[in-house]
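Listing of entry08.tsv, TSV, C-alpha atoms
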```
chain	number	residue	atom	x	y	z
O	104	MET	CA	-35.43	-26.10	-1.15
O	105	PRO	CA	-36.28	-23.79	1.77
O	106	ASN	CA	-39.89	-23.39	2.76
O	107	THR	CA	-39.94	-19.65	1.96
O	108	PRO	CA	-41.60	-17.60	-0.78
O	109	SER	CA	-39.42	-17.55	-3.90
O	110	ASN	CA	-39.28	-13.75	-3.94
O	111	ARG	CA	-38.09	-13.42	-0.33
O	112	ARG	CA	-34.50	-13.55	0.85
O	113	PRO	CA	-33.97	-16.39	3.39
O	114	THR	CA	-33.63	-15.11	6.94
O	115	LEU	CA	-31.64	-16.43	9.90
O	116	LYS	CA	-34.89	-17.93	11.22
O	117	ASP	CA	-35.35	-19.77	7.89
O	118	LEU	CA	-31.80	-21.10	8.16
O	119	ALA	CA	-32.34	-22.30	11.73
O	120	ARG	CA	-35.58	-24.06	10.75
O	121	GLU	CA	-34.07	-25.70	7.66
O	122	ALA	CA	-30.99	-26.86	9.59
O	123	GLY	CA	-33.05	-28.05	12.56
O	124	VAL	CA	-31.09	-25.99	15.09
O	125	SER	CA	-31.76	-23.11	17.44
O	126	LEU	CA	-31.62	-19.52	16.27
O	127	ALA	CA	-28.58	-18.98	18.52
O	128	SER	CA	-26.67	-21.89	16.94
O	129	ALA	CA	-27.46	-20.64	13.45
O	130	SER	CA	-26.19	-17.18	14.40
O	131	TYR	CA	-23.00	-18.58	15.97
O	132	ALA	CA	-22.28	-20.66	12.89
O	133	VAL	CA	-22.60	-17.88	10.31
O	134	ASN	CA	-20.76	-15.35	12.47
O	135	GLY	CA	-17.92	-17.72	13.36
O	136	ASN	CA	-18.26	-17.26	17.10
O	137	GLY	CA	-20.10	-18.62	20.12
O	138	SER	CA	-20.47	-22.19	21.31
O	139	VAL	CA	-21.35	-24.60	18.52
O	140	GLY	CA	-19.68	-27.87	17.54
O	141	GLU	CA	-17.63	-28.05	14.35
O	142	GLN	CA	-19.87	-30.71	12.76
O	143	THR	CA	-22.95	-28.68	13.59
O	144	ARG	CA	-21.31	-25.52	12.25
O	145	ALA	CA	-20.39	-27.30	9.00
O	146	HIS	CA	-23.97	-28.61	8.68
O	147	ILE	CA	-25.46	-25.14	9.20
O	148	LEU	CA	-23.11	-23.53	6.70
O	149	SER	CA	-23.93	-26.25	4.16
O	150	VAL	CA	-27.64	-25.58	4.59
O	151	ALA	CA	-26.99	-21.83	4.32
O	152	GLN	CA	-25.33	-22.38	0.96
O	153	ARG	CA	-28.11	-24.67	-0.24
O	154	ILE	CA	-30.94	-22.26	0.59
O	155	GLY	CA	-29.03	-19.16	-0.49
O	156	TYR	CA	-28.85	-17.57	2.94
O	157	ARG	CA	-26.62	-14.51	3.18
O	158	GLN	CA	-26.11	-12.21	6.13
O	159	ASN	CA	-27.91	-8.90	5.98
O	160	SER	CA	-25.01	-6.46	6.33
O	161	ALA	CA	-27.24	-3.48	7.06
O	162	ALA	CA	-29.04	-5.31	9.85
O	163	ARG	CA	-25.77	-6.56	11.27
O	164	ALA	CA	-24.33	-3.04	11.22
O	165	MET	CA	-27.36	-1.67	13.07
O	166	LYS	CA	-27.00	-4.38	15.70
O	167	THR	CA	-23.21	-4.34	16.19
O	168	GLY	CA	-22.33	-0.81	15.17
O	169	ARG	CA	-19.86	-2.23	12.63
O	170	SER	CA	-20.23	-2.72	8.90
O	171	GLY	CA	-17.43	-5.23	8.30
O	172	THR	CA	-16.05	-2.90	5.61
O	173	LEU	CA	-12.89	-0.83	5.24
O	174	ALA	CA	-11.85	1.78	2.70
O	175	LEU	CA	-8.47	2.07	0.99
O	176	LEU	CA	-7.58	5.46	-0.50
O	177	VAL	CA	-4.65	5.69	-2.93
O	178	PRO	CA	-3.45	8.70	-4.93
O	179	ASP	CA	-2.81	7.30	-8.40
O	180	LEU	CA	-3.86	3.95	-9.85
O	181	THR	CA	-1.96	4.70	-13.06
O	182	ASN	CA	1.24	4.19	-11.04
O	183	PRO	CA	1.84	0.40	-11.07
O	184	PHE	CA	2.86	0.50	-7.42
O	185	PHE	CA	-0.67	1.22	-6.22
O	186	PRO	CA	-2.58	-1.68	-7.83
O	187	ALA	CA	0.01	-4.04	-6.33
O	188	LEU	CA	-0.39	-2.38	-2.93
O	189	ALA	CA	-4.19	-2.50	-3.21
O	190	GLN	CA	-4.12	-6.25	-3.88
O	191	ALA	CA	-1.92	-6.80	-0.83
O	192	VAL	CA	-4.23	-4.73	1.39
O	193	PHE	CA	-7.32	-6.51	0.01
O	194	ARG	CA	-5.74	-9.90	0.78
O	195	ALA	CA	-4.92	-8.87	4.34
O	196	ALA	CA	-8.40	-7.41	4.84
O	197	ARG	CA	-10.10	-10.57	3.52
O	198	ALA	CA	-8.05	-12.72	5.86
O	199	ALA	CA	-9.22	-10.54	8.75
O	200	GLY	CA	-12.87	-10.85	7.68
O	201	TYR	CA	-13.33	-7.44	6.08
O	202	THR	CA	-14.63	-6.28	2.72
O	203	MET	CA	-12.85	-3.28	1.19
O	204	PHE	CA	-13.72	-0.30	-0.97
O	205	LEU	CA	-10.95	1.14	-3.17
O	206	ILE	CA	-10.91	4.84	-4.04
O	207	ASP	CA	-8.41	6.52	-6.37
O	208	THR	CA	-8.02	10.20	-5.42
O	209	GLU	CA	-6.15	10.94	-8.68
O	210	GLY	CA	-3.55	13.16	-7.00
O	211	ASN	CA	-6.25	15.75	-6.32
O	212	GLU	CA	-6.62	17.08	-2.76
O	213	ALA	CA	-10.26	18.07	-3.27
O	214	LEU	CA	-11.07	14.52	-4.42
O	215	GLU	CA	-9.09	13.16	-1.49
O	216	GLN	CA	-11.07	15.24	1.00
O	217	ALA	CA	-14.35	14.19	-0.61
O	218	ALA	CA	-13.30	10.52	-0.61
O	219	LEU	CA	-12.47	10.60	3.11
O	220	ALA	CA	-15.87	12.11	3.84
O	221	LYS	CA	-17.58	9.52	1.63
O	222	GLY	CA	-15.86	6.70	3.50
O	223	VAL	CA	-17.18	8.06	6.78
O	224	ASP	CA	-20.67	8.56	5.29
O	225	LEU	CA	-20.70	4.94	4.10
O	226	GLY	CA	-20.05	3.81	7.66
O	227	VAL	CA	-16.80	1.93	7.04
O	228	ASP	CA	-15.18	0.55	10.18
O	229	GLY	CA	-11.79	2.03	9.26
O	230	ILE	CA	-9.75	3.69	6.53
O	231	ALA	CA	-6.31	2.77	5.19
O	232	TRP	CA	-5.10	6.03	3.69
O	233	PHE	CA	-2.16	6.59	1.35
O	234	PRO	CA	-2.19	10.41	1.25
O	235	ILE	CA	-1.12	12.44	-1.76
O	236	ARG	CA	1.27	14.43	0.44
O	237	ASP	CA	2.19	14.67	4.11
O	238	LYS	CA	-0.93	16.71	4.65
O	239	ASP	CA	-4.21	16.19	6.49
O	240	THR	CA	-6.92	17.01	3.96
O	241	SER	CA	-9.70	15.41	6.02
O	242	ALA	CA	-11.18	18.70	7.30
O	243	GLY	CA	-11.93	16.98	10.61
O	244	VAL	CA	-14.26	14.25	9.28
O	245	LEU	CA	-12.06	11.42	10.61
O	246	ALA	CA	-12.34	12.31	14.29
O	247	ARG	CA	-14.41	9.18	15.10
O	248	THR	CA	-13.08	6.82	12.41
O	249	PRO	CA	-10.09	4.47	12.84
O	250	VAL	CA	-7.40	5.47	10.34
O	251	VAL	CA	-3.96	4.23	9.42
O	252	VAL	CA	-1.68	6.20	7.09
O	253	LEU	CA	0.54	4.32	4.64
O	254	ASP	CA	4.04	5.51	3.65
O	255	ARG	CA	3.36	9.12	4.64
O	256	THR	CA	3.64	11.21	7.80
O	257	VAL	CA	0.43	12.95	8.84
O	258	PRO	CA	0.34	14.11	12.50
O	259	GLY	CA	-2.34	12.50	14.63
O	260	TYR	CA	-2.61	9.22	12.74
O	261	ALA	CA	-1.00	5.81	13.08
O	262	ALA	CA	1.50	5.27	10.27
O	263	ILE	CA	2.99	2.25	8.53
O	264	GLY	CA	6.19	2.57	6.52
O	265	ILE	CA	9.86	1.69	6.54
O	266	ASP	CA	13.03	3.33	7.84
O	267	TYR	CA	13.59	5.43	4.73
O	268	LEU	CA	16.93	6.88	5.80
O	269	ASP	CA	18.25	3.35	6.18
O	270	ALA	CA	16.66	2.32	2.86
O	271	GLY	CA	18.49	5.17	1.15
O	272	ARG	CA	21.74	4.00	2.72
O	273	ILE	CA	21.10	0.48	1.43
O	274	ALA	CA	20.71	1.91	-2.08
O	275	ALA	CA	23.92	3.95	-1.87
O	276	ARG	CA	25.82	1.06	-0.29
O	277	HIS	CA	24.94	-1.20	-3.23
O	278	LEU	CA	26.21	1.30	-5.79
O	279	LEU	CA	29.36	2.10	-3.83
O	280	ASP	CA	30.13	-1.57	-3.29
O	281	ALA	CA	29.77	-2.06	-7.04
O	282	GLY	CA	32.66	0.39	-7.48
O	283	HIS	CA	30.72	3.54	-8.43
O	284	ARG	CA	32.03	6.83	-7.05
O	285	ARG	CA	30.17	9.47	-9.09
O	286	ILE	CA	26.53	8.80	-8.33
O	287	GLY	CA	23.48	10.89	-9.18
O	288	ILE	CA	20.10	10.95	-7.46
O	289	ILE	CA	16.74	11.57	-9.11
O	290	SER	CA	14.25	12.22	-6.35
O	291	GLY	CA	10.50	12.14	-6.42
O	292	PRO	CA	8.55	15.13	-5.03
O	293	THR	CA	10.50	16.38	-2.01
O	294	ASP	CA	7.47	17.69	-0.12
O	295	ILE	CA	7.01	14.07	0.98
O	296	ALA	CA	9.08	13.14	4.05
O	297	SER	CA	9.61	9.51	3.05
O	298	MET	CA	11.05	10.67	-0.29
O	299	ARG	CA	13.36	13.22	1.34
O	300	ASP	CA	14.57	10.63	3.84
O	301	ARG	CA	15.47	7.96	1.27
O	302	CYS	CA	17.39	10.50	-0.80
O	303	ASP	CA	19.06	12.13	2.22
O	304	GLY	CA	20.18	8.72	3.46
O	305	ALA	CA	21.67	7.90	0.08
O	306	GLU	CA	23.30	11.30	-0.35
O	307	ALA	CA	25.02	11.24	3.04
O	308	LEU	CA	26.70	7.91	2.29
O	309	ILE	CA	27.59	8.89	-1.28
O	310	CYS	CA	29.23	12.12	-0.13
O	311	GLY	CA	31.12	10.25	2.58
O	312	GLU	CA	32.67	7.69	0.25
O	313	GLY	CA	32.33	9.15	-3.24
O	314	ALA	CA	30.92	12.20	-5.01
O	315	LEU	CA	27.36	13.32	-5.62
O	316	ALA	CA	27.16	13.95	-9.37
O	317	PHE	CA	23.71	15.57	-9.12
O	318	ARG	CA	20.45	15.52	-7.19
O	319	VAL	CA	17.37	16.54	-9.15
O	320	GLU	CA	13.63	16.15	-8.64
O	321	ASN	CA	11.02	14.56	-10.91
O	322	ALA	CA	7.32	13.78	-10.72
O	323	PHE	CA	6.22	10.20	-10.06
O	324	SER	CA	6.27	9.48	-13.77
O	325	THR	CA	8.24	7.67	-16.46
O	326	ASP	CA	8.30	10.99	-18.33
O	327	LEU	CA	11.48	12.75	-17.28
O	328	GLU	CA	11.57	16.51	-16.92
O	329	PRO	CA	14.27	18.42	-18.86
O	330	HIS	CA	16.61	18.91	-15.88
O	331	ALA	CA	16.50	15.18	-15.12
O	332	GLN	CA	17.18	14.35	-18.76
O	333	ALA	CA	20.17	16.72	-18.80
O	334	ALA	CA	21.53	15.20	-15.60
O	335	ILE	CA	21.52	11.69	-17.05
O	336	THR	CA	23.27	12.60	-20.27
O	337	GLY	CA	25.54	15.35	-18.98
O	338	GLY	CA	25.95	14.88	-15.24
O	339	GLY	CA	28.95	12.58	-15.44
O	340	ALA	CA	27.47	9.91	-13.19
O	341	THR	CA	28.37	6.25	-13.66
O	342	ALA	CA	25.32	5.29	-11.61
O	343	VAL	CA	21.94	6.83	-10.83
O	344	PHE	CA	19.69	6.15	-7.84
O	345	ALA	CA	16.13	6.96	-8.93
O	346	ALA	CA	14.09	7.02	-5.75
O	347	ALA	CA	10.93	5.49	-7.29
O	348	ASP	CA	10.74	2.69	-9.84
O	349	VAL	CA	8.51	4.63	-12.23
O	350	ILE	CA	11.20	7.32	-12.36
O	351	ALA	CA	13.95	4.70	-12.67
O	352	ILE	CA	12.20	3.06	-15.63
O	353	GLY	CA	11.83	6.48	-17.24
O	354	ALA	CA	15.54	7.14	-16.67
O	355	LEU	CA	16.47	3.75	-18.13
O	356	ARG	CA	14.37	4.33	-21.25
O	357	TYR	CA	15.68	7.87	-21.70
O	358	ALA	CA	19.30	6.76	-21.35
O	359	GLN	CA	18.84	4.01	-23.93
O	360	ALA	CA	17.01	6.32	-26.33
O	361	ASN	CA	19.97	8.71	-26.17
O	362	GLY	CA	22.71	6.22	-26.91
O	363	LEU	CA	23.64	5.17	-23.38
O	364	ARG	CA	23.78	1.48	-22.59
O	365	VAL	CA	22.41	0.27	-19.26
O	366	PRO	CA	24.34	-0.83	-17.27
O	367	GLU	CA	27.52	-0.63	-19.40
O	368	ASP	CA	27.52	3.19	-19.66
O	369	VAL	CA	25.32	4.08	-16.72
O	370	SER	CA	23.89	1.91	-13.94
O	371	ILE	CA	20.38	2.61	-12.65
O	372	LEU	CA	18.91	1.59	-9.30
O	373	GLY	CA	15.23	2.07	-8.44
O	374	PHE	CA	13.02	1.96	-5.35
O	375	ASP	CA	9.71	0.14	-4.69
O	376	ASP	CA	10.08	-3.15	-6.64
O	377	ILE	CA	6.92	-2.68	-8.69
O	378	PRO	CA	5.99	-5.55	-11.07
O	379	LEU	CA	7.36	-3.64	-14.07
O	380	ALA	CA	10.84	-3.53	-12.50
O	381	GLU	CA	11.47	-7.18	-13.25
O	382	GLN	CA	10.04	-6.81	-16.76
O	383	SER	CA	12.19	-3.87	-17.89
O	384	LEU	CA	15.17	-4.39	-20.22
O	385	PRO	CA	17.47	-4.91	-18.48
O	386	PRO	CA	15.57	-5.98	-15.35
O	387	LEU	CA	15.77	-3.16	-12.81
O	388	SER	CA	17.78	-3.50	-9.62
O	389	THR	CA	15.76	-1.85	-6.88
O	390	ILE	CA	15.03	-1.46	-3.18
O	391	GLU	CA	11.92	-3.34	-2.12
O	392	LEU	CA	9.06	-1.52	-0.46
O	393	PRO	CA	7.58	-4.55	1.35
O	394	ILE	CA	3.92	-4.08	0.50
O	395	GLU	CA	2.76	-7.39	1.95
O	396	ASP	CA	4.22	-6.47	5.35
O	397	ILE	CA	2.83	-2.95	5.11
O	398	ALA	CA	-0.62	-4.34	4.26
O	399	GLN	CA	-0.57	-6.81	7.15
O	400	HIS	CA	0.52	-4.14	9.63
O	401	ALA	CA	-2.07	-1.70	8.31
O	402	ILE	CA	-5.01	-4.09	8.70
O	403	SER	CA	-3.71	-5.22	12.10
O	404	GLU	CA	-3.46	-1.61	13.28
O	405	LEU	CA	-6.97	-0.83	12.03
O	406	GLY	CA	-8.28	-3.90	13.84
O	407	LYS	CA	-6.73	-2.67	17.09
O	408	GLN	CA	-8.25	0.78	16.66
O	409	ILE	CA	-11.65	-0.67	15.80
O	410	GLY	CA	-11.44	-2.73	18.98
O	411	ARG	CA	-10.71	0.34	21.12
O	412	PRO	CA	-12.74	3.16	19.55
O	413	HIS	CA	-12.30	5.58	22.47
O	414	ALA	CA	-8.53	5.18	22.88
O	415	SER	CA	-6.40	8.31	23.09
O	416	SER	CA	-4.53	9.45	19.99
O	417	ALA	CA	-1.40	9.22	22.13
O	418	ALA	CA	-1.66	5.46	21.71
O	419	LEU	CA	-1.21	5.70	17.93
O	420	ARG	CA	1.95	4.05	16.69
O	421	ILE	CA	4.45	4.40	13.88
O	422	VAL	CA	5.39	0.95	12.55
O	423	HIS	CA	8.56	0.51	10.50
O	424	THR	CA	8.82	-2.66	8.44
O	425	ARG	CA	12.10	-3.99	7.03
O	426	THR	CA	13.31	-3.61	3.47
O	427	ARG	CA	15.96	-5.21	1.27
O	428	LEU	CA	17.92	-4.85	-1.93
O	429	VAL	CA	16.60	-6.69	-4.99
O	430	PRO	CA	19.63	-7.02	-7.31
O	431	ARG	CA	18.96	-7.58	-11.00
O	432	LEU	CA	20.87	-6.52	-14.12
O	433	SER	CA	20.68	-2.71	-14.30
O	434	VAL	CA	23.69	-2.11	-12.02
O	435	ARG	CA	27.17	-2.86	-13.32
O	436	LEU	CA	30.05	-4.03	-11.13
O	437	LEU	CA	33.00	-1.80	-12.05
O	438	GLY	CA	36.37	-3.51	-12.32
```
Mind turning the file's structure into structure tokens?
Amino acid sequence: MPNTPSNRRPTLKDLAREAGVSLASASYAVNGNGSVGEQTRAHILSVAQRIGYRQNSAARAMKTGRSGTLALLVPDLTNPFFPALAQAVFRAARAAGYTMFLIDTEGNEALEQAALAKGVDLGVDGIAWFPIRDKDTSAGVLARTPVVVLDRTVPGYAAIGIDYLDAGRIAARHLLDAGHRRIGIISGPTDIASMRDRCDGAEALICGEGALAFRVENAFSTDLEPHAQAAITGGGATAVFAAADVIAIGALRYAQANGLRVPEDVSILGFDDIPLAEQSLPPLSTIELPIEDIAQHAISELGKQIGRPHASSAALRIVHTRTRLVPRLSVRLLG
């Protein structure tokens, strides 16, 4: 046991004394840097575990100006997409040596603004932000904080997403290649650029090679609004592209509850590839939103910004990751 009072947390000096090394070597070992041999490092870390030594994050932050923490803001944890995204971002952050805070802004811009300010007040090194809309609600509090925006377009911030126009074309191409010519689109909220783009990309290809049966809007919810319900049962479409999986699952359930078989009577294609997509009956064909790639790019971009805190905003980048079709059983091949 360490030679320290039982009510006192072991310090770096205690660790160095217990391990029989210099203070510098003890510091190098626990911080994973500097010049120390691997056997010595392993010995020091073993002693650290035995005596219960843990780094003092507050002291480290005062010394380095960095807390080793990041914040992730998402708009709605009741949407199954966001817990899956959060796990991917947490994994990427851990691999890069960061601890993360998760904040659900509940689709409320006032909560979003307060959460951004709280992240800055807590001294996080950077913020991964999935905004509610394509709108900067920060009220200027992020001027000195590295930020990366996920899946949205907010001027002045680095952004990570996919080529949504192309993703929409991939969706339409799949339905057209399956023989469908009257295709409907159920969009999510169209005040979001990524949503408009995926639906515009799909619509352009559908109109070029078939006919657009309808294009209606719905909230990010499995509960369909009346105009979306009417479109499914009365719009004459043999296939529907629902531009978010939660909407697609709602469309699938509504169709089945109203006597339509999926995919025999109407095919349904989603977007996101949330975990529930594979578990629906039938399993939902969808377009993947590659959250692991998005998470990796987001943490990488934050790391670059943290490493150059005084860089010009002109250096901020927009990163597009690649997507793909995930075919399952909700789309029928017409003879």
Set the distance at 12 Å and use only C-alpha atoms: which residues neighbour Ser403 of chain O once local chain neighbours fewer than 2 positions away are removed? I'd like the list as an mmCIF file with C-alpha atoms, keeping the file's coordinate frame.
```cif
data_model
loop_
_atom_site.group_PDB
_atom_site.id
_atom_site.type_symbol
_atom_site.label_atom_id
_atom_site.label_comp_id
_atom_site.auth_asym_id
_atom_site.auth_seq_id
_atom_site.Cartn_x
_atom_site.Cartn_y
_atom_site.Cartn_z
ATOM 1 C CA VAL O 192 -4.230 -4.730 1.390
ATOM 2 C CA ALA O 195 -4.920 -8.870 4.340
ATOM 3 C CA ALA O 196 -8.400 -7.410 4.840
ATOM 4 C CA ARG O 197 -10.100 -10.570 3.520
ATOM 5 C CA ALA O 198 -8.050 -12.720 5.860
ATOM 6 C CA ALA O 199 -9.220 -10.540 8.750
ATOM 7 C CA GLY O 200 -12.870 -10.850 7.680
ATOM 8 C CA TYR O 201 -13.330 -7.440 6.080
ATOM 9 C CA GLY O 229 -11.790 2.030 9.260
ATOM 10 C CA ALA O 231 -6.310 2.770 5.190
ATOM 11 C CA PRO O 249 -10.090 4.470 12.840
ATOM 12 C CA VAL O 250 -7.400 5.470 10.340
ATOM 13 C CA VAL O 251 -3.960 4.230 9.420
ATOM 14 C CA ALA O 261 -1.000 5.810 13.080
ATOM 15 C CA ALA O 262 1.500 5.270 10.270
ATOM 16 C CA ILE O 263 2.990 2.250 8.530
ATOM 17 C CA ASP O 396 4.220 -6.470 5.350
ATOM 18 C CA ILE O 397 2.830 -2.950 5.110
ATOM 19 C CA ALA O 398 -0.620 -4.340 4.260
ATOM 20 C CA GLN O 399 -0.570 -6.810 7.150
ATOM 21 C CA HIS O 400 0.520 -4.140 9.630
ATOM 22 C CA ALA O 401 -2.070 -1.700 8.310
ATOM 23 C CA LEU O 405 -6.970 -0.830 12.030
ATOM 24 C CA GLY O 406 -8.280 -3.900 13.840
ATOM 25 C CA LYS O 407 -6.730 -2.670 17.090
ATOM 26 C CA GLN O 408 -8.250 0.780 16.660
ATOM 27 C CA ILE O 409 -11.650 -0.670 15.800
ATOM 28 C CA GLY O 410 -11.440 -2.730 18.980
ATOM 29 C CA ARG O 420 1.950 4.050 16.690
ATOM 30 C CA VAL O 422 5.390 0.950 12.550
#
```
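The neighbours of Gln382 of chain O here are the residues that come within 12 Å of it, using all atoms listed in the file and leaving out any residue fewer than 3 positions away in the same chain; they are Asp348, Ile352, Asp376, Ile377, Pro378, Leu379, Pro385, Pro386, Leu387, Ser388, Arg431, Leu432 and Ser433 of chain O.
Between atom CA of Leu278 of chain O and atom CA of Leu437 of chain O there is a distance of 9.7 Å.
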Nearest-residue call for Ala119 of chain O, choices O:Asn361, O:Gln142, O:Ser149, O:Thr208, using all atoms listed in the file: O:Ser149
Gap from atom CA of Thr424 of chain O to atom CA of Gly222 of chain O - Å, one decimal: 26.9 Å
Selected residue, from O:Asp207, O:Ile289, O:Ser370, O:Ile402, that lies nearest to Val252 of chain O when counting all atoms listed in the file: O:Ile402
